[in-house]
>>> print(open('my_file_27.json').read())   # JSON, C-alpha atoms
[["chain", "number", "residue", "atom", "x", "y", "z"],
["A", 1, "MET", "CA", -6.48, 25.68, 12.29],
["A", 2, "ASN", "CA", -7.49, 27.68, 9.25],
["A", 3, "ASP", "CA", -11.28, 27.67, 8.67],
["A", 4, "GLN", "CA", -10.79, 27.44, 4.93],
["A", 5, "PRO", "CA", -10.86, 23.97, 3.38],
["A", 6, "LEU", "CA", -7.40, 22.52, 2.94],
["A", 7, "GLU", "CA", -6.32, 22.84, -0.68],
["A", 8, "ASP", "CA", -5.34, 19.74, -2.59],
["A", 9, "ALA", "CA", -1.79, 20.96, -3.12],
["A", 10, "LYS", "CA", -1.36, 21.72, 0.57],
["A", 11, "LEU", "CA", -2.73, 18.30, 1.49],
["A", 12, "ARG", "CA", -0.27, 16.63, -0.86],
["A", 13, "ALA", "CA", 2.59, 18.72, 0.51],
["A", 14, "VAL", "CA", 1.79, 17.65, 4.06],
["A", 15, "ALA", "CA", 1.41, 14.04, 2.97],
["A", 16, "GLN", "CA", 4.87, 14.15, 1.38],
["A", 17, "GLN", "CA", 6.34, 15.17, 4.73],
["A", 18, "LEU", "CA", 4.56, 12.41, 6.58],
["A", 19, "GLY", "CA", 6.97, 9.85, 7.96],
["A", 20, "VAL", "CA", 10.08, 11.68, 6.75],
["A", 21, "ARG", "CA", 11.60, 12.04, 10.22],
["A", 22, "ALA", "CA", 10.85, 8.43, 11.10],
["A", 23, "ALA", "CA", 12.38, 7.24, 7.83],
["A", 24, "GLU", "CA", 15.52, 9.33, 8.32],
["A", 25, "ARG", "CA", 16.21, 7.48, 11.54],
["A", 26, "LEU", "CA", 16.65, 4.26, 9.57],
["A", 27, "ASP", "CA", 20.03, 3.34, 8.13],
["A", 28, "PRO", "CA", 19.48, 1.90, 4.62],
["A", 29, "GLU", "CA", 22.90, 0.22, 4.63],
["A", 30, "ALA", "CA", 22.28, -1.53, 7.94],
["A", 31, "THR", "CA", 18.83, -2.58, 6.70],
["A", 32, "ALA", "CA", 20.36, -3.93, 3.49],
["A", 33, "GLN", "CA", 22.91, -6.03, 5.37],
["A", 34, "ALA", "CA", 20.25, -7.36, 7.76],
["A", 35, "VAL", "CA", 17.97, -8.36, 4.88],
["A", 36, "VAL", "CA", 20.79, -10.07, 3.00],
["A", 37, "ARG", "CA", 21.73, -12.03, 6.14],
["A", 38, "ARG", "CA", 18.13, -13.19, 6.51],
["A", 39, "LEU", "CA", 17.89, -14.11, 2.85],
["A", 40, "ARG", "CA", 20.98, -16.29, 3.18],
["A", 41, "GLY", "CA", 19.13, -18.29, 5.79],
["A", 42, "GLU", "CA", 15.99, -18.61, 3.70],
["A", 43, "ASP", "CA", 14.94, -21.77, 1.90],
["A", 44, "HIS", "CA", 16.04, -21.12, -1.70],
["A", 45, "SER", "CA", 13.26, -23.23, -3.11],
["A", 46, "ALA", "CA", 10.92, -20.23, -2.72],
["A", 47, "ARG", "CA", 13.21, -18.20, -5.02],
["A", 48, "ARG", "CA", 12.71, -20.82, -7.73],
["A", 49, "GLY", "CA", 8.97, -20.16, -7.73],
["A", 50, "TRP", "CA", 7.93, -23.31, -5.93],
["A", 51, "PRO", "CA", 5.37, -22.25, -3.33],
["A", 52, "PRO", "CA", 4.83, -24.48, -0.31],
["A", 53, "LEU", "CA", 2.10, -27.07, -0.77],
["A", 54, "TRP", "CA", -0.04, -25.49, 1.95],
["A", 55, "LEU", "CA", 0.02, -22.14, 0.11],
["A", 56, "SER", "CA", -1.18, -23.70, -3.14],
["A", 57, "ALA", "CA", -3.99, -25.45, -1.25],
["A", 58, "ALA", "CA", -4.94, -22.21, 0.50],
["A", 59, "ALA", "CA", -5.02, -20.34, -2.80],
["A", 60, "ALA", "CA", -7.32, -22.98, -4.33],
["A", 61, "LEU", "CA", -9.63, -22.72, -1.32],
["A", 62, "VAL", "CA", -9.76, -18.91, -1.58],
["A", 63, "LEU", "CA", -10.70, -19.14, -5.26],
["A", 64, "LEU", "CA", -13.48, -21.59, -4.49],
["A", 65, "LEU", "CA", -14.81, -19.48, -1.63],
["A", 66, "GLY", "CA", -14.50, -16.27, -3.63],
["A", 67, "GLY", "CA", -16.51, -17.72, -6.49],
["A", 68, "GLY", "CA", -19.17, -18.92, -4.06],
["A", 69, "LEU", "CA", -19.32, -15.51, -2.39],
["A", 70, "VAL", "CA", -19.90, -13.70, -5.69],
["A", 71, "TRP", "CA", -22.62, -16.21, -6.63],
["A", 72, "ARG", "CA", -24.33, -15.88, -3.25],
["A", 73, "SER", "CA", -24.11, -12.07, -3.28],
["A", 74, "VAL", "CA", -25.93, -11.88, -6.56],
["A", 75, "GLY", "CA", -28.61, -14.25, -5.30],
["A", 76, "SER", "CA", -29.15, -15.27, -8.85],
["A", 77, "GLY", "CA", -30.19, -18.84, -8.15],
["A", 78, "GLY", "CA", -28.47, -19.79, -11.36],
["A", 79, "SER", "CA", -30.24, -17.27, -13.58],
["A", 80, "ALA", "CA", -27.24, -14.94, -14.17],
["A", 81, "PRO", "CA", -25.05, -15.65, -17.19],
["A", 82, "VAL", "CA", -21.62, -17.06, -16.43],
["A", 83, "THR", "CA", -18.57, -16.31, -18.53],
["A", 84, "ALA", "CA", -16.06, -18.89, -19.65],
["A", 85, "LEU", "CA", -13.93, -18.00, -16.65],
["A", 86, "GLY", "CA", -16.78, -18.74, -14.26],
["A", 87, "GLN", "CA", -17.37, -15.09, -13.44],
["A", 88, "VAL", "CA", -20.92, -13.91, -13.04],
["A", 89, "GLU", "CA", -22.07, -11.09, -15.26],
["A", 90, "LEU", "CA", -24.11, -8.83, -13.05],
["A", 91, "ASP", "CA", -27.22, -6.81, -13.68],
["A", 92, "LEU", "CA", -26.21, -3.98, -11.38],
["A", 93, "THR", "CA", -29.49, -2.12, -11.43],
["A", 94, "ASP", "CA", -31.28, -4.87, -9.52],
["A", 95, "LEU", "CA", -28.77, -5.11, -6.69],
["A", 96, "SER", "CA", -29.38, -3.51, -3.33],
["A", 97, "ALA", "CA", -26.70, -1.36, -1.70],
["A", 98, "ASP", "CA", -25.70, -4.23, 0.61],
["A", 99, "GLN", "CA", -25.46, -6.65, -2.31],
["A", 100, "LEU", "CA", -23.34, -4.17, -4.25],
["A", 101, "ARG", "CA", -20.97, -3.82, -1.30],
["A", 102, "ASP", "CA", -20.71, -7.60, -0.98],
["A", 103, "VAL", "CA", -19.81, -7.94, -4.65],
["A", 104, "LEU", "CA", -17.30, -5.10, -4.49],
["A", 105, "ASN", "CA", -15.64, -6.62, -1.45],
["A", 106, "ALA", "CA", -15.38, -9.90, -3.31],
["A", 107, "VAL", "CA", -13.81, -8.48, -6.48],
["A", 108, "ASP", "CA", -11.79, -5.56, -5.12],
["A", 109, "GLN", "CA", -9.50, -7.47, -2.79],
["A", 110, "PRO", "CA", -6.02, -6.33, -1.71],
["A", 111, "ILE", "CA", -3.24, -8.66, -2.76],
["A", 112, "ASP", "CA", -3.29, -10.57, 0.53],
["A", 113, "LEU", "CA", -6.61, -12.17, -0.54],
["A", 114, "GLU", "CA", -7.96, -12.00, 2.99],
["A", 115, "PRO", "CA", -11.66, -11.18, 3.30],
["A", 116, "THR", "CA", -12.30, -7.51, 3.92],
["A", 117, "ASP", "CA", -15.41, -5.85, 5.15],
["A", 118, "SER", "CA", -16.94, -2.73, 3.69],
["A", 119, "ALA", "CA", -15.64, -0.60, 6.56],
["A", 120, "GLU", "CA", -12.03, -1.43, 5.62],
["A", 121, "THR", "CA", -12.56, -0.58, 1.97],
["A", 122, "GLY", "CA", -14.67, 2.55, 2.58],
["A", 123, "LEU", "CA", -17.70, 1.20, 0.76],
["A", 124, "ASP", "CA", -20.02, 2.29, 3.56],
["A", 125, "ASP", "CA", -19.41, 5.87, 2.45],
["A", 126, "LEU", "CA", -20.77, 5.33, -1.02],
["A", 127, "THR", "CA", -24.33, 5.68, -2.26],
["A", 128, "PRO", "CA", -25.84, 2.84, -4.33],
["A", 129, "ARG", "CA", -25.23, 4.91, -7.48],
["A", 130, "GLU", "CA", -21.58, 5.38, -6.56],
["A", 131, "LEU", "CA", -21.28, 1.69, -5.77],
["A", 132, "ARG", "CA", -22.58, 0.78, -9.24],
["A", 133, "THR", "CA", -20.14, 3.25, -10.82],
["A", 134, "LEU", "CA", -17.27, 1.74, -8.87],
["A", 135, "LEU", "CA", -18.27, -1.79, -9.79],
["A", 136, "ARG", "CA", -18.46, -0.90, -13.47],
["A", 137, "ALA", "CA", -15.00, 0.66, -13.15],
["A", 138, "LEU", "CA", -13.66, -2.57, -11.64],
["A", 139, "GLU", "CA", -15.17, -4.57, -14.45],
["A", 140, "GLY", "CA", -13.08, -2.44, -16.78],
["B", 141, "MET", "CA", 43.08, 16.76, -22.58],
["B", 142, "THR", "CA", 42.10, 13.30, -21.42],
["B", 143, "PRO", "CA", 38.74, 11.92, -22.49],
["B", 144, "ALA", "CA", 36.06, 11.92, -19.79],
["B", 145, "GLU", "CA", 35.51, 8.68, -17.95],
["B", 146, "PRO", "CA", 32.26, 7.00, -18.94],
["B", 147, "VAL", "CA", 29.60, 7.35, -16.26],
["B", 148, "ALA", "CA", 28.50, 3.98, -14.93],
["B", 149, "ALA", "CA", 24.84, 3.44, -15.70],
["B", 150, "VAL", "CA", 22.62, 3.14, -12.68],
["B", 151, "PRO", "CA", 21.02, -0.32, -12.83],
["B", 152, "THR", "CA", 17.25, -0.38, -13.06],
["B", 153, "ASP", "CA", 15.14, -2.20, -10.51],
["B", 154, "ALA", "CA", 14.39, -4.85, -13.12],
["B", 155, "ALA", "CA", 18.10, -5.40, -13.73],
["B", 156, "LEU", "CA", 18.77, -5.69, -10.00],
["B", 157, "ILE", "CA", 15.93, -8.18, -9.59],
["B", 158, "ALA", "CA", 17.30, -10.28, -12.43],
["B", 159, "ALA", "CA", 20.79, -10.11, -10.93],
["B", 160, "TRP", "CA", 19.55, -11.18, -7.53],
["B", 161, "HIS", "CA", 17.65, -14.02, -9.15],
["B", 162, "GLY", "CA", 20.96, -15.11, -10.54],
["B", 163, "GLY", "CA", 22.45, -15.18, -7.06],
["B", 164, "ASP", "CA", 23.86, -11.66, -6.75],
["B", 165, "GLU", "CA", 23.31, -10.72, -3.10],
["B", 166, "GLN", "CA", 24.61, -7.22, -3.63],
["B", 167, "ALA", "CA", 21.83, -6.62, -6.12],
["B", 168, "ALA", "CA", 19.34, -7.38, -3.36],
["B", 169, "ALA", "CA", 21.25, -5.09, -1.01],
["B", 170, "GLU", "CA", 21.09, -2.28, -3.56],
["B", 171, "LEU", "CA", 17.32, -2.69, -3.92],
["B", 172, "VAL", "CA", 17.00, -2.44, -0.16],
["B", 173, "ARG", "CA", 19.17, 0.67, 0.02],
["B", 174, "ARG", "CA", 17.22, 2.26, -2.79],
["B", 175, "HIS", "CA", 13.74, 1.69, -1.38],
["B", 176, "THR", "CA", 14.17, 1.60, 2.41],
["B", 177, "ARG", "CA", 13.29, 5.20, 3.18],
["B", 178, "PRO", "CA", 10.29, 5.52, 0.83],
["B", 179, "LEU", "CA", 8.98, 2.25, 2.27],
["B", 180, "ALA", "CA", 9.52, 3.52, 5.80],
["B", 181, "ARG", "CA", 7.69, 6.76, 5.00],
["B", 182, "PHE", "CA", 4.77, 4.81, 3.58],
["B", 183, "LEU", "CA", 4.58, 2.50, 6.60],
["B", 184, "ALA", "CA", 4.84, 5.42, 9.02],
["B", 185, "GLY", "CA", 2.04, 7.19, 7.18],
["B", 186, "ALA", "CA", -0.03, 4.02, 7.22],
["B", 187, "GLY", "CA", 0.24, 3.82, 11.01],
["B", 188, "ALA", "CA", 3.38, 1.87, 11.81],
["B", 189, "LEU", "CA", 4.88, 2.67, 15.20],
["B", 190, "ASP", "CA", 8.36, 4.22, 15.11],
["B", 191, "THR", "CA", 9.71, 1.50, 17.37],
["B", 192, "GLU", "CA", 8.67, -1.23, 14.96],
["B", 193, "LEU", "CA", 9.46, 0.50, 11.68],
["B", 194, "ASP", "CA", 12.85, -1.16, 11.21],
["B", 195, "ASP", "CA", 11.42, -4.67, 11.71],
["B", 196, "LEU", "CA", 8.50, -3.95, 9.40],
["B", 197, "VAL", "CA", 10.76, -2.62, 6.67],
["B", 198, "GLN", "CA", 12.96, -5.71, 6.86],
["B", 199, "GLU", "CA", 9.94, -8.02, 6.92],
["B", 200, "THR", "CA", 8.52, -6.30, 3.85],
["B", 201, "PHE", "CA", 11.73, -6.79, 1.89],
["B", 202, "ILE", "CA", 11.97, -10.43, 2.94],
["B", 203, "ARG", "CA", 8.40, -11.03, 1.78],
["B", 204, "ALA", "CA", 9.08, -9.24, -1.49],
["B", 205, "PHE", "CA", 12.21, -11.24, -2.24],
["B", 206, "ARG", "CA", 10.39, -14.46, -1.39],
["B", 207, "ARG", "CA", 7.76, -13.79, -4.03],
["B", 208, "VAL", "CA", 9.77, -11.79, -6.53],
["B", 209, "ASP", "CA", 8.98, -14.45, -9.13],
["B", 210, "LYS", "CA", 5.43, -13.12, -9.07],
["B", 211, "PHE", "CA", 6.55, -9.62, -9.95],
["B", 212, "ARG", "CA", 6.10, -9.40, -13.71],
["B", 213, "GLY", "CA", 6.63, -5.66, -14.11],
["B", 214, "GLN", "CA", 2.90, -5.00, -13.95],
["B", 215, "CYS", "CA", 3.76, -1.86, -11.93],
["B", 216, "GLN", "CA", 6.86, -0.19, -10.57],
["B", 217, "PHE", "CA", 8.79, -2.39, -8.17],
["B", 218, "ARG", "CA", 8.44, 0.27, -5.48],
["B", 219, "THR", "CA", 4.66, 0.37, -5.77],
["B", 220, "TRP", "CA", 4.52, -3.41, -5.54],
["B", 221, "LEU", "CA", 6.87, -3.31, -2.55],
["B", 222, "LEU", "CA", 4.74, -0.73, -0.74],
["B", 223, "ALA", "CA", 1.63, -2.84, -1.26],
["B", 224, "ILE", "CA", 3.45, -5.75, 0.37],
["B", 225, "GLY", "CA", 4.38, -3.38, 3.19],
["B", 226, "GLY", "CA", 0.72, -2.61, 3.72],
["B", 227, "ASN", "CA", 0.01, -6.29, 4.11],
["B", 228, "ALA", "CA", 2.95, -6.73, 6.49],
["B", 229, "LEU", "CA", 1.65, -3.86, 8.58],
["B", 230, "LYS", "CA", -1.79, -5.38, 8.71],
["B", 231, "ASP", "CA", -0.37, -8.74, 9.68],
["B", 232, "ALA", "CA", 1.64, -7.13, 12.46],
["B", 233, "GLY", "CA", -1.69, -6.24, 13.98],
["B", 234, "ARG", "CA", -1.10, -2.52, 14.09],
["B", 235, "ARG", "CA", -4.34, -0.70, 13.95],
["B", 236, "ALA", "CA", -4.04, 2.75, 12.44],
["B", 237, "GLN", "CA", -5.89, 4.23, 15.42],
["B", 238, "ARG", "CA", -3.01, 3.27, 17.74],
["B", 239, "ALA", "CA", -0.30, 4.64, 15.45],
["B", 240, "ARG", "CA", 1.12, 8.11, 15.87],
["B", 241, "VAL", "CA", 3.62, 10.35, 14.18],
["B", 242, "VAL", "CA", 5.93, 11.40, 16.98],
["B", 243, "PRO", "CA", 5.60, 15.19, 17.28],
["B", 244, "LEU", "CA", 8.57, 17.44, 17.93],
["B", 245, "THR", "CA", 7.29, 18.14, 21.45],
["B", 246, "ASP", "CA", 8.39, 14.61, 22.37],
["B", 247, "GLY", "CA", 11.96, 15.79, 22.51],
["B", 248, "LEU", "CA", 13.22, 14.81, 19.09],
["B", 249, "ARG", "CA", 15.58, 17.20, 17.48],
["B", 250, "ALA", "CA", 14.08, 19.24, 14.70],
["B", 251, "ALA", "CA", 15.72, 18.93, 11.32],
["B", 252, "GLY", "CA", 16.20, 22.70, 11.21],
["B", 253, "GLY", "CA", 14.37, 25.88, 10.28],
["B", 254, "ASP", "CA", 12.21, 28.28, 12.25],
["B", 255, "PRO", "CA", 11.02, 26.51, 15.42],
["B", 256, "HIS", "CA", 7.53, 28.00, 15.21],
["B", 257, "GLU", "CA", 7.11, 27.01, 11.57],
["B", 258, "VAL", "CA", 8.45, 23.56, 12.30],
["B", 259, "THR", "CA", 6.03, 23.16, 15.22],
["B", 260, "VAL", "CA", 3.05, 24.21, 13.11],
["B", 261, "ALA", "CA", 4.11, 21.85, 10.33],
["B", 262, "GLY", "CA", 4.50, 19.02, 12.83],
["B", 263, "GLU", "CA", 1.01, 19.65, 14.19],
["B", 264, "THR", "CA", -0.49, 19.49, 10.70],
["B", 265, "GLU", "CA", 1.35, 16.25, 10.01],
["B", 266, "ARG", "CA", 0.09, 14.81, 13.28],
["B", 267, "ARG", "CA", -3.47, 15.73, 12.42],
["B", 268, "LEU", "CA", -3.09, 14.24, 8.95],
["B", 269, "ALA", "CA", -1.75, 11.05, 10.52],
["B", 270, "ASP", "CA", -4.78, 11.00, 12.84],
["B", 271, "GLY", "CA", -7.07, 11.51, 9.87],
["B", 272, "LEU", "CA", -5.39, 8.73, 7.92],
["B", 273, "ALA", "CA", -5.81, 6.40, 10.87],
["B", 274, "ARG", "CA", -9.56, 6.89, 10.61],
["B", 275, "LEU", "CA", -9.77, 5.94, 6.94],
["B", 276, "PRO", "CA", -10.51, 2.46, 5.67],
["B", 277, "ARG", "CA", -7.32, 0.69, 4.71],
["B", 278, "MET", "CA", -7.83, 0.86, 0.95],
["B", 279, "GLN", "CA", -8.50, 4.60, 1.00],
["B", 280, "ARG", "CA", -5.52, 5.19, 3.27],
["B", 281, "GLU", "CA", -3.11, 3.21, 1.11],
["B", 282, "VAL", "CA", -4.35, 4.66, -2.18],
["B", 283, "PHE", "CA", -4.01, 8.16, -0.69],
["B", 284, "LEU", "CA", -0.45, 7.51, 0.50],
["B", 285, "LEU", "CA", 0.62, 5.93, -2.78],
["B", 286, "ARG", "CA", -0.81, 8.84, -4.72],
["B", 287, "ALA", "CA", -0.23, 11.91, -2.54],
["B", 288, "GLN", "CA", 2.82, 10.83, -0.53],
["B", 289, "GLN", "CA", 4.63, 8.69, -3.08],
["B", 290, "GLY", "CA", 3.44, 10.30, -6.31],
["B", 291, "MET", "CA", 2.42, 7.05, -7.98],
["B", 292, "GLU", "CA", 0.17, 6.97, -11.04],
["B", 293, "TYR", "CA", -3.29, 5.40, -10.80],
["B", 294, "ASP", "CA", -2.40, 2.61, -13.24],
["B", 295, "ASP", "CA", 0.52, 1.65, -11.03],
["B", 296, "ILE", "CA", -1.53, 1.87, -7.85],
["B", 297, "ALA", "CA", -4.28, -0.25, -9.35],
["B", 298, "ALA", "CA", -1.89, -2.95, -10.51],
["B", 299, "ALA", "CA", -0.18, -3.11, -7.13],
["B", 300, "LEU", "CA", -3.41, -3.23, -5.14],
["B", 301, "SER", "CA", -5.20, -5.59, -7.52],
["B", 302, "THR", "CA", -7.91, -3.12, -8.41],
["B", 303, "SER", "CA", -8.73, -0.93, -11.40],
["B", 304, "PRO", "CA", -7.53, 2.60, -12.11],
["B", 305, "GLY", "CA", -11.12, 3.81, -11.92],
["B", 306, "ALA", "CA", -11.63, 2.26, -8.51],
["B", 307, "ALA", "CA", -8.33, 3.72, -7.32],
["B", 308, "ARG", "CA", -9.50, 7.18, -8.37],
["B", 309, "VAL", "CA", -12.74, 6.73, -6.44],
["B", 310, "HIS", "CA", -10.87, 5.61, -3.33],
["B", 311, "TYR", "CA", -8.51, 8.59, -3.60],
["B", 312, "HIS", "CA", -11.37, 11.02, -4.10],
["B", 313, "HIS", "CA", -13.14, 9.79, -0.99],
["B", 314, "ALA", "CA", -9.94, 9.75, 1.05],
["B", 315, "VAL", "CA", -9.21, 13.37, 0.16],
["B", 316, "LYS", "CA", -12.77, 14.38, 0.92],
["B", 317, "ARG", "CA", -12.70, 12.76, 4.35],
["B", 318, "LEU", "CA", -9.25, 14.09, 5.21],
["B", 319, "LYS", "CA", -10.23, 17.64, 4.29],
["B", 320, "GLU", "CA", -13.30, 17.37, 6.47],
["B", 321, "PHE", "CA", -11.19, 16.11, 9.33],
["B", 322, "LEU", "CA", -8.50, 18.75, 8.96],
["B", 323, "THR", "CA", -10.79, 21.79, 8.75]]
>>> encode(input="my_file_27.json", output="structure tokens")
Amino acid sequence: MNDQPLEDAKLRAVAQQLGVRAAERLDPEATAQAVVRRLRGEDHSARRGWPPLWLSAAAALVLLLGGGLVWRSVGSGGSAPVTALGQVELDLTDLSADQLRDVLNAVDQPIDLEPTDSAETGLDDLTPRELRTLLRALEG
Amino acid sequence: MTPAEPVAAVPTDAALIAAWHGGDEQAAAELVRRHTRPLARFLAGAGALDTELDDLVQETFIRAFRRVDKFRGQCQFRTWLLAIGGNALKDAGRRAQRARVVPLTDGLRAAGGDPHEVTVAGETERRLADGLARLPRMQREVFLLRAQQGMEYDDIAAALSTSPGAARVHYHHAVKRLKEFLT
């Protein structure tokens, strides 16, 4: 391997080739027909936007737990201001690195809403200063 | 001289989604045809095994069509689809450390070109795949969406339920770690 650091453009070029051969072995037409066959067998109530009752209950539970996790991470004991949406406004400078990671894990969730640890999100790599910068970026 | 035939407009993803919502199965089929290979490339890069790629691709589309009501055009349909693929991969229990890009030395026919160049390129891809397997999931997926798929940060952020700033940070750290691994 070349001792020189890999240039960004070269890295992107290699990334664009990643998985090409595996993808070419798939037949999009066959995949399309298989998906359509499966969709025909699906319960059409999901297509009308009516989620199963268990999913709605699970979503409500996640929201409750997520709110509790943010509150506990801050350790505010009720002293932090709460917005109309119930979100805690954080004084980032007082948070330890572990507390910052907990908050980031709570607010920066992938769409599956499953709890993630800092190793999965890469937060262990970041310094406290970088964690605060990232959190401010998430707050928009 | 006869007038030229009008070229049929290619339907947008949004139009196909609306058509499928109205019961047009062929609209769903067209969406699958259009996005199958990019989805497969993303899943392969994210660590999906070759032998399970077909099932994962189908499962991703099924999940997407089940929840298409929740797609409000907040990002490109493809970006949203790939994010669902990432979740499907995770649910399939495939850890990135066990995934591999099958190198040419495993007997697959090369697509063409100089054999030495192709072998070197395959080795670099394999090492990149190994490096990606070592990244946290968010960094890996942001890197693939950005570097492999060419998505914009706003799109990536909307699909992964994060902010553009956070997506940039994840990408920066992914690139840094991959470069360290590859040199």
>>> closest_atom_pairs(input="my_file_27.json", of="chain B", to="chain A", cutoff="7 Å", atoms="only C-alpha atoms", output="JSON lines")
{"residue": "B:Glu165", "atom": "CA", "partner": "A:Val36", "partner_atom": "CA", "distance": 6.6}
{"residue": "B:Ala169", "atom": "CA", "partner": "A:Ala32", "partner_atom": "CA", "distance": 4.7}
{"residue": "B:Val172", "atom": "CA", "partner": "A:Ala32", "partner_atom": "CA", "distance": 5.2}
{"residue": "B:Arg173", "atom": "CA", "partner": "A:Pro28", "partner_atom": "CA", "distance": 4.8}
{"residue": "B:Thr176", "atom": "CA", "partner": "A:Pro28", "partner_atom": "CA", "distance": 5.8}
{"residue": "B:Arg177", "atom": "CA", "partner": "A:Ala23", "partner_atom": "CA", "distance": 5.2}
{"residue": "B:Ala180", "atom": "CA", "partner": "A:Ala23", "partner_atom": "CA", "distance": 5.1}
{"residue": "B:Arg181", "atom": "CA", "partner": "A:Gly19", "partner_atom": "CA", "distance": 4.3}
{"residue": "B:Ala184", "atom": "CA", "partner": "A:Gly19", "partner_atom": "CA", "distance": 5.0}
{"residue": "B:Gly185", "atom": "CA", "partner": "A:Gly19", "partner_atom": "CA", "distance": 5.7}
{"residue": "B:Asp190", "atom": "CA", "partner": "A:Ala22", "partner_atom": "CA", "distance": 6.3}
{"residue": "B:Asp194", "atom": "CA", "partner": "A:Leu26", "partner_atom": "CA", "distance": 6.8}
{"residue": "B:Gln198", "atom": "CA", "partner": "A:Val35", "partner_atom": "CA", "distance": 6.0}
{"residue": "B:Ile202", "atom": "CA", "partner": "A:Val35", "partner_atom": "CA", "distance": 6.6}
{"residue": "B:Arg206", "atom": "CA", "partner": "A:Arg47", "partner_atom": "CA", "distance": 5.9}
{"residue": "B:Asp209", "atom": "CA", "partner": "A:Gly49", "partner_atom": "CA", "distance": 5.9}
{"residue": "B:Asn227", "atom": "CA", "partner": "A:Asp112", "partner_atom": "CA", "distance": 6.5}
{"residue": "B:Glu265", "atom": "CA", "partner": "A:Leu18", "partner_atom": "CA", "distance": 6.1}
{"residue": "B:Pro276", "atom": "CA", "partner": "A:Glu120", "partner_atom": "CA", "distance": 4.2}
{"residue": "B:Arg277", "atom": "CA", "partner": "A:Glu120", "partner_atom": "CA", "distance": 5.2}
{"residue": "B:Met278", "atom": "CA", "partner": "A:Thr121", "partner_atom": "CA", "distance": 5.0}
{"residue": "B:Gln279", "atom": "CA", "partner": "A:Thr121", "partner_atom": "CA", "distance": 6.7}
{"residue": "B:Ala287", "atom": "CA", "partner": "A:Arg12", "partner_atom": "CA", "distance": 5.0}
{"residue": "B:Gln288", "atom": "CA", "partner": "A:Gln16", "partner_atom": "CA", "distance": 4.3}
{"residue": "B:Leu300", "atom": "CA", "partner": "A:Pro110", "partner_atom": "CA", "distance": 5.3}
{"residue": "B:Ser301", "atom": "CA", "partner": "A:Pro110", "partner_atom": "CA", "distance": 5.9}
{"residue": "B:Thr302", "atom": "CA", "partner": "A:Asp108", "partner_atom": "CA", "distance": 5.6}
{"residue": "B:Ser303", "atom": "CA", "partner": "A:Leu138", "partner_atom": "CA", "distance": 5.2}
{"residue": "B:Gly305", "atom": "CA", "partner": "A:Ala137", "partner_atom": "CA", "distance": 5.1}
{"residue": "B:Ala306", "atom": "CA", "partner": "A:Leu134", "partner_atom": "CA", "distance": 5.7}
{"residue": "B:Lys319", "atom": "CA", "partner": "A:Leu6", "partner_atom": "CA", "distance": 5.8}
{"residue": "B:Thr323", "atom": "CA", "partner": "A:Pro5", "partner_atom": "CA", "distance": 5.8}
>>> atom_distance(input="my_file_27.json", atom1="atom CA of Ala223 of chain B", atom2="atom CA of Glu281 of chain B")
8.0 Å
>>> atom_distance(input="my_file_27.json", atom1="atom CA of Arg267 of chain B", atom2="atom CA of Leu322 of chain B")
6.8 Å
>>> atom_distance(input="my_file_27.json", atom1="atom CA of Thr127 of chain A", atom2="atom CA of Glu320 of chain B")
18.3 Å
>>> closest_residue(input="my_file_27.json", among="B:Ala298, B:Ala158, B:Leu318, B:Leu189", to="Leu221 of chain B", atoms="only C-alpha atoms")
B:Ala298
